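Everything below belongs to target_35.tsv, which stores TSV, C-alpha atoms.
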chain	number	residue	atom	x	y	z
J	1281	MET	CA	74.19	9.84	-2.03
J	1282	ASN	CA	73.50	7.60	-5.03
J	1283	LYS	CA	70.89	8.21	-7.70
J	1284	THR	CA	68.63	5.40	-6.51
J	1285	LEU	CA	68.29	6.97	-3.08
J	1286	LEU	CA	67.63	10.36	-4.62
J	1287	ILE	CA	64.90	8.87	-6.78
J	1288	ILE	CA	63.30	7.16	-3.76
J	1289	LEU	CA	63.41	10.38	-1.73
J	1290	GLY	CA	61.96	12.29	-4.67
J	1291	VAL	CA	59.09	9.84	-5.02
J	1292	LEU	CA	58.42	9.96	-1.28
J	1293	ALA	CA	58.40	13.76	-1.36
J	1294	LEU	CA	55.91	13.75	-4.24
J	1295	LEU	CA	53.67	11.28	-2.39
J	1296	ILE	CA	53.74	13.42	0.75
J	1297	LEU	CA	52.97	16.59	-1.20
J	1298	SER	CA	50.17	14.80	-3.04
J	1299	ALA	CA	48.72	13.49	0.24
J	1300	VAL	CA	48.85	16.94	1.83
J	1301	SER	CA	47.22	18.55	-1.21
J	1302	THR	CA	44.57	15.84	-1.31
J	1303	TYR	CA	43.84	16.18	2.40
J	1304	ASN	CA	43.49	19.95	2.19
J	1305	GLY	CA	41.16	19.64	-0.80
J	1306	LEU	CA	38.99	17.07	0.95
J	1307	VAL	CA	38.81	19.21	4.08
J	1308	GLY	CA	37.58	22.09	1.93
J	1309	ASN	CA	34.91	19.94	0.27
J	1310	SER	CA	33.84	18.45	3.59
J	1311	GLN	CA	33.55	21.91	5.13
J	1312	ALA	CA	31.38	23.02	2.19
J	1313	VAL	CA	29.02	20.09	2.90
J	1314	ASP	CA	28.89	20.96	6.60
J	1315	ALA	CA	28.18	24.62	5.81
J	1316	SER	CA	25.32	23.60	3.51
J	1317	TRP	CA	23.99	21.27	6.20
J	1318	ALA	CA	23.97	24.10	8.74
J	1319	GLN	CA	21.88	26.17	6.33
J	1320	VAL	CA	19.44	23.28	5.88
J	1321	GLN	CA	19.09	23.03	9.65
J	1322	ASN	CA	18.57	26.78	9.91
J	1323	VAL	CA	15.63	26.88	7.49
J	1324	TYR	CA	13.99	23.84	9.06
J	1325	GLN	CA	14.39	25.50	12.46
J	1326	ARG	CA	12.78	28.66	11.10
J	1327	ARG	CA	9.73	26.62	10.08
J	1328	ALA	CA	9.59	25.00	13.51
J	1329	ASP	CA	9.80	28.42	15.17
J	1330	LEU	CA	6.85	29.72	13.14
J	1331	ILE	CA	4.56	26.84	14.09
J	1332	PRO	CA	3.78	27.85	17.72
J	1333	ASN	CA	2.54	31.24	16.49
J	1334	LEU	CA	0.48	29.56	13.80
J	1335	VAL	CA	-1.04	27.13	16.29
J	1336	GLN	CA	-1.87	29.94	18.67
J	1337	THR	CA	-3.51	31.89	15.86
J	1338	VAL	CA	-5.70	29.04	14.59
J	1339	GLN	CA	-6.68	28.07	18.13
J	1340	GLY	CA	-8.34	31.46	18.38
J	1341	ALA	CA	-10.76	30.54	15.61
J	1342	ALA	CA	-14.07	29.25	16.92
J	1343	ASN	CA	-14.45	25.47	16.65
J	1344	PHE	CA	-11.17	25.00	14.77
J	1345	GLU	CA	-10.46	21.27	14.41
J	1346	LYS	CA	-8.40	20.29	17.45
J	1347	SER	CA	-7.19	17.03	15.91
J	1348	THR	CA	-5.42	18.95	13.16
J	1349	ILE	CA	-3.67	21.17	15.70
J	1350	VAL	CA	-2.62	18.11	17.70
J	1351	GLN	CA	-1.12	16.50	14.59
J	1352	VAL	CA	1.04	19.55	13.90
J	1353	THR	CA	2.12	19.84	17.54
J	1354	GLU	CA	3.04	16.15	17.77
J	1355	ALA	CA	4.88	16.21	14.44
J	1356	ARG	CA	6.90	19.21	15.58
J	1357	ALA	CA	7.79	17.39	18.81
J	1358	SER	CA	8.89	14.32	16.82
J	1359	VAL	CA	11.26	16.44	14.77
J	1360	GLY	CA	12.94	17.62	17.96
J	1361	LYS	CA	13.64	14.02	18.98
J	1362	VAL	CA	15.83	13.38	15.92
J	1363	GLN	CA	19.27	14.35	17.16
J	1364	ILE	CA	21.74	15.34	14.43
J	1365	ASN	CA	24.74	17.63	14.82
J	1366	GLN	CA	23.68	21.01	13.46
J	1367	ASN	CA	27.17	21.94	12.25
J	1368	GLN	CA	28.31	18.61	10.83
J	1369	ALA	CA	26.55	16.78	8.03
J	1370	PRO	CA	25.49	13.21	8.84
J	1371	THR	CA	27.51	10.34	7.40
J	1372	ASP	CA	24.90	7.68	8.20
J	1373	PRO	CA	22.22	7.42	5.46
J	1374	ALA	CA	19.76	5.93	7.96
J	1375	GLN	CA	20.17	8.92	10.27
J	1376	LEU	CA	19.53	11.38	7.45
J	1377	ALA	CA	16.53	9.31	6.31
J	1378	GLN	CA	15.09	9.47	9.84
J	1379	PHE	CA	15.56	13.24	9.89
J	1380	GLN	CA	13.96	13.60	6.46
J	1381	GLN	CA	11.00	11.39	7.44
J	1382	ALA	CA	10.31	13.44	10.58
J	1383	GLN	CA	10.52	16.71	8.66
J	1384	GLY	CA	8.27	15.28	5.95
J	1385	GLN	CA	5.63	14.33	8.49
J	1386	LEU	CA	5.74	17.82	9.94
J	1387	GLY	CA	5.40	19.34	6.48
J	1388	SER	CA	2.39	17.15	5.73
J	1389	ALA	CA	0.69	17.96	9.03
J	1390	LEU	CA	1.33	21.66	8.49
J	1391	SER	CA	-0.07	21.48	4.98
J	1392	ARG	CA	-3.24	19.76	6.26
J	1393	LEU	CA	-3.70	22.45	8.90
J	1394	LEU	CA	-3.48	25.20	6.32
J	1395	VAL	CA	-5.93	23.42	4.04
J	1396	VAL	CA	-8.41	23.07	6.92
J	1397	ALA	CA	-8.02	26.81	7.54
J	1398	GLU	CA	-9.79	27.34	4.20
J	1399	ASN	CA	-13.04	26.62	6.04
J	1400	TYR	CA	-12.57	29.57	8.41
J	1401	PRO	CA	-12.97	32.88	6.52
J	1402	ASP	CA	-12.60	34.97	9.68
J	1403	LEU	CA	-9.29	33.27	10.45
J	1404	LYS	CA	-7.95	33.79	6.92
J	1405	ALA	CA	-8.89	37.46	7.10
J	1406	THR	CA	-6.66	38.17	10.11
J	1407	ALA	CA	-3.40	40.02	9.47
J	1408	ASN	CA	-1.46	37.67	11.74
J	1409	PHE	CA	-2.59	34.58	9.84
J	1410	ARG	CA	-1.78	36.16	6.48
J	1411	ASP	CA	1.68	37.12	7.72
J	1412	LEU	CA	2.38	33.62	9.00
J	1413	GLN	CA	1.11	32.16	5.73
J	1414	SER	CA	3.52	34.35	3.78
J	1415	GLN	CA	6.45	33.51	6.04
J	1416	LEU	CA	5.75	29.79	5.81
J	1417	GLU	CA	5.56	29.93	2.04
J	1418	GLY	CA	8.94	31.65	1.91
J	1419	THR	CA	10.40	29.17	4.36
J	1420	GLU	CA	9.19	26.14	2.39
J	1421	ASN	CA	10.76	27.58	-0.75
J	1422	ARG	CA	14.01	28.21	1.12
J	1423	ILE	CA	14.00	24.63	2.43
J	1424	SER	CA	13.81	23.37	-1.14
J	1425	VAL	CA	16.67	25.67	-2.21
J	1426	GLU	CA	18.95	24.75	0.69
J	1427	ARG	CA	18.34	21.04	0.27
J	1428	GLY	CA	19.33	21.39	-3.38
J	1429	ARG	CA	22.51	23.24	-2.42
J	1430	PHE	CA	23.30	20.58	0.18
J	1431	ASN	CA	22.94	17.79	-2.37
J	1432	ALA	CA	25.16	19.71	-4.81
J	1433	ALA	CA	27.86	20.07	-2.13
J	1434	VAL	CA	27.58	16.37	-1.27
J	1435	GLN	CA	27.85	15.44	-4.94
J	1436	ALA	CA	31.04	17.49	-5.34
J	1437	TYR	CA	32.52	15.90	-2.22
J	1438	ASN	CA	31.52	12.33	-3.09
J	1439	THR	CA	32.82	12.74	-6.63
J	1440	LYS	CA	36.16	14.01	-5.35
J	1441	ILE	CA	36.78	11.12	-2.95
J	1442	ARG	CA	36.11	8.64	-5.78
J	1443	THR	CA	38.31	10.40	-8.33
J	1444	PHE	CA	41.91	9.33	-9.00
J	1445	PRO	CA	44.32	10.00	-7.34
J	1446	THR	CA	42.22	11.25	-4.40
J	1447	VAL	CA	40.59	7.84	-4.04
J	1448	ILE	CA	44.00	6.42	-3.05
J	1449	PHE	CA	44.23	8.63	0.01
J	1450	ALA	CA	40.59	9.37	0.93
J	1451	GLY	CA	39.94	6.12	2.79
J	1452	MET	CA	43.28	6.21	4.58
J	1453	LEU	CA	42.63	9.78	5.69
J	1454	GLY	CA	39.19	8.89	7.06
J	1455	PHE	CA	37.00	10.56	4.43
J	1456	GLN	CA	33.85	8.61	3.62
J	1457	GLN	CA	30.89	9.23	1.32
J	1458	LYS	CA	28.05	11.36	2.65
J	1459	PRO	CA	24.35	10.67	2.03
J	1460	TYR	CA	21.99	12.82	-0.03
J	1461	PHE	CA	18.50	14.01	0.68
J	1462	GLN	CA	16.28	11.62	-1.25
J	1463	ALA	CA	13.28	12.71	-3.27
J	1464	THR	CA	9.93	11.63	-1.85
J	1465	ALA	CA	6.51	11.39	-3.41
J	1466	GLY	CA	5.31	14.90	-4.16
J	1467	ALA	CA	8.74	16.40	-3.42
J	1468	GLU	CA	8.65	18.30	-6.68
J	1469	THR	CA	6.16	20.71	-5.08
J	1470	THR	CA	6.36	22.38	-1.68
J	1471	PRO	CA	3.42	22.12	0.75
J	1472	ALA	CA	0.48	24.29	-0.29
J	1473	VAL	CA	0.59	27.36	1.90
J	1474	LYS	CA	-0.94	29.78	-0.59
J	1475	PHE	CA	-4.69	30.19	-0.69
J	1476	ASP	CA	-7.09	31.11	-3.42
J	1477	PHE	CA	-9.69	32.87	-1.29
J	1478	GLY	CA	-12.35	32.62	-3.99
J	1479	ALA	CA	-11.95	28.91	-4.65
J	1480	ALA	CA	-12.98	25.79	-2.87
J	1481	PRO	CA	-10.37	24.06	-0.65
J	1482	THR	CA	-7.87	21.90	-2.51
J	1483	PRO	CA	-7.55	18.40	-1.07
J	1484	ALA	CA	-4.14	17.56	0.39
J	1485	LYS	CA	-2.08	15.17	-1.72
Go ahead and render the structure in this file as structure tokens.
Amino acid sequence: MNKTLLIILGVLALLILSAVSTYNGLVGNSQAVDASWAQVQNVYQRRADLIPNLVQTVQGAANFEKSTIVQVTEARASVGKVQINQNQAPTDPAQLAQFQQAQGQLGSALSRLLVVAENYPDLKATANFRDLQSQLEGTENRISVERGRFNAAVQAYNTKIRTFPTVIFAGMLGFQQKPYFQATAGAETTPAVKFDFGAAPTPAK
């Protein structure tokens, strides 16, 4: 076996080892994104699960504005129509944008309902309402945290597939960039679910 052949075989072996190492690394990064996505879905689902109890509670208040309840109910239903795999992060930016828009509309409707509740002292005084208020506040904060973690995982993954030498193999191995959650107007603050019981209602932004 001549030296030229040995060199060729050595180069091929290095390329194969590099490809295997690159593939394994990309799988790990992709799995981290998917795991973060599952957590995002979990906290959004928790918010959706709390809403029926909230709606039932506010419906018990005399003359509570029905239009506000309808908005929340319809927004929650719209979220359920956006079909995205719970255990695999979306690769289509338009699909993620649709999901984010539906969740944003639900958050806005929920925020309006809670602001309207300011006008019903008897409702605010109930233990069930206070408990739901506290749970929703915690859930909104968790949504913000998990979205941030998801974007961080996506950034690490997207950076890796564009970094040499990984960029050489990423496309051939079927790894593509994943979209981020995009900031929206007012995204720097979570929906107002805390109340100052001695102050006048704060208009929704």
Under the rule of at most 7 Å, produce a per-residue listing of range 1320-1372 of chain J near range 1455-1465 of chain J: chain, number, name, the closest pair of atoms, and the distance in Å, as a tab-separated table, using only C-alpha atoms.
residue	atom	partner	partner_atom	distance
J:Pro1370	CA	J:Lys1458	CA	6.9
J:Thr1371	CA	J:Lys1458	CA	4.9
J:Asp1372	CA	J:Pro1459	CA	6.9
Let's have the selection written as a PDB file, keeping the file's coordinate frame, with C-alpha atoms.
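For reference, result.pdb as written:
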ATOM      1  CA  PRO J1370      25.490  13.210   8.840  1.00  0.00           C
ATOM      2  CA  THR J1371      27.510  10.340   7.400  1.00  0.00           C
ATOM      3  CA  ASP J1372      24.900   7.680   8.200  1.00  0.00           C
TER       4      ASP J1372
END
Pick from J:Arg1410, J:Arg1442, J:Arg1429, J:Arg1392 nearest to Glu1345 in chain J, counting all atoms listed in the file: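 Result for the nearest residue to Glu1345 in chain J: J:Arg1392.
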Report as an mmCIF file with C-alpha atoms, in the frame of the given file all protein, DNA and RNA residues lying within 9 Å of Phe1409 in chain J, evaluated on only C-alpha atoms, omitting residues in the same chain fewer than 5 positions from it.
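Result written to around_18.cif:
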data_model
loop_
_atom_site.group_PDB
_atom_site.id
_atom_site.type_symbol
_atom_site.label_atom_id
_atom_site.label_comp_id
_atom_site.auth_asym_id
_atom_site.auth_seq_id
_atom_site.Cartn_x
_atom_site.Cartn_y
_atom_site.Cartn_z
ATOM 1 C CA LEU J 1334 0.480 29.560 13.800
ATOM 2 C CA THR J 1337 -3.510 31.890 15.860
ATOM 3 C CA VAL J 1338 -5.700 29.040 14.590
ATOM 4 C CA LEU J 1403 -9.290 33.270 10.450
ATOM 5 C CA LYS J 1404 -7.950 33.790 6.920
ATOM 6 C CA SER J 1414 3.520 34.350 3.780
#
Show me a table, sorted first by chain and then by increasing residue number, of the residues of range 1327-1385 of chain J having an atom at most 12 Å from range 1394-1398 of chain J, each with its shortest atom pair and the distance in Å to one decimal, counting all atoms listed in the file and written as a tab-separated table.
residue	atom	partner	partner_atom	distance
J:Ile1331	CA	J:Leu1394	CA	11.3
J:Leu1334	CA	J:Leu1394	CA	9.5
J:Val1335	CA	J:Leu1394	CA	10.4
J:Thr1337	CA	J:Ala1397	CA	10.7
J:Val1338	CA	J:Ala1397	CA	7.7
J:Gln1339	CA	J:Ala1397	CA	10.7
J:Gly1340	CA	J:Ala1397	CA	11.8
J:Ala1341	CA	J:Ala1397	CA	9.3
J:Ala1342	CA	J:Ala1397	CA	11.4
J:Asn1343	CA	J:Ala1397	CA	11.2
J:Phe1344	CA	J:Ala1397	CA	8.1
J:Glu1345	CA	J:Val1396	CA	8.0
J:Lys1346	CA	J:Val1396	CA	10.9
J:Ser1347	CA	J:Val1396	CA	10.9
J:Thr1348	CA	J:Val1396	CA	8.1
J:Ile1349	CA	J:Val1396	CA	10.2
J:Val1352	CA	J:Leu1394	CA	10.5
Measuring atom to atom with all atoms listed in the file, identify which of J:Leu1386, J:Ile1423, J:Ala1369, J:Ile1448 is nearest to Asp1314 in chain J.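 The answer is J:Ala1369, which sits nearest to Asp1314 in chain J.
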Write out as a PyMOL selection string which residues come within 9 Å of Trp1317 in chain J when counting only C-alpha atoms, dropping same-chain ones fewer than 3 positions away. chain J and resi 1312-1314+1320-1322+1366-1370+1426-1427+1429-1430
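CA of Glu1354 in chain J to CA of Gly1384 in chain J spans 13.0 Å [interatomic distance, one decimal].
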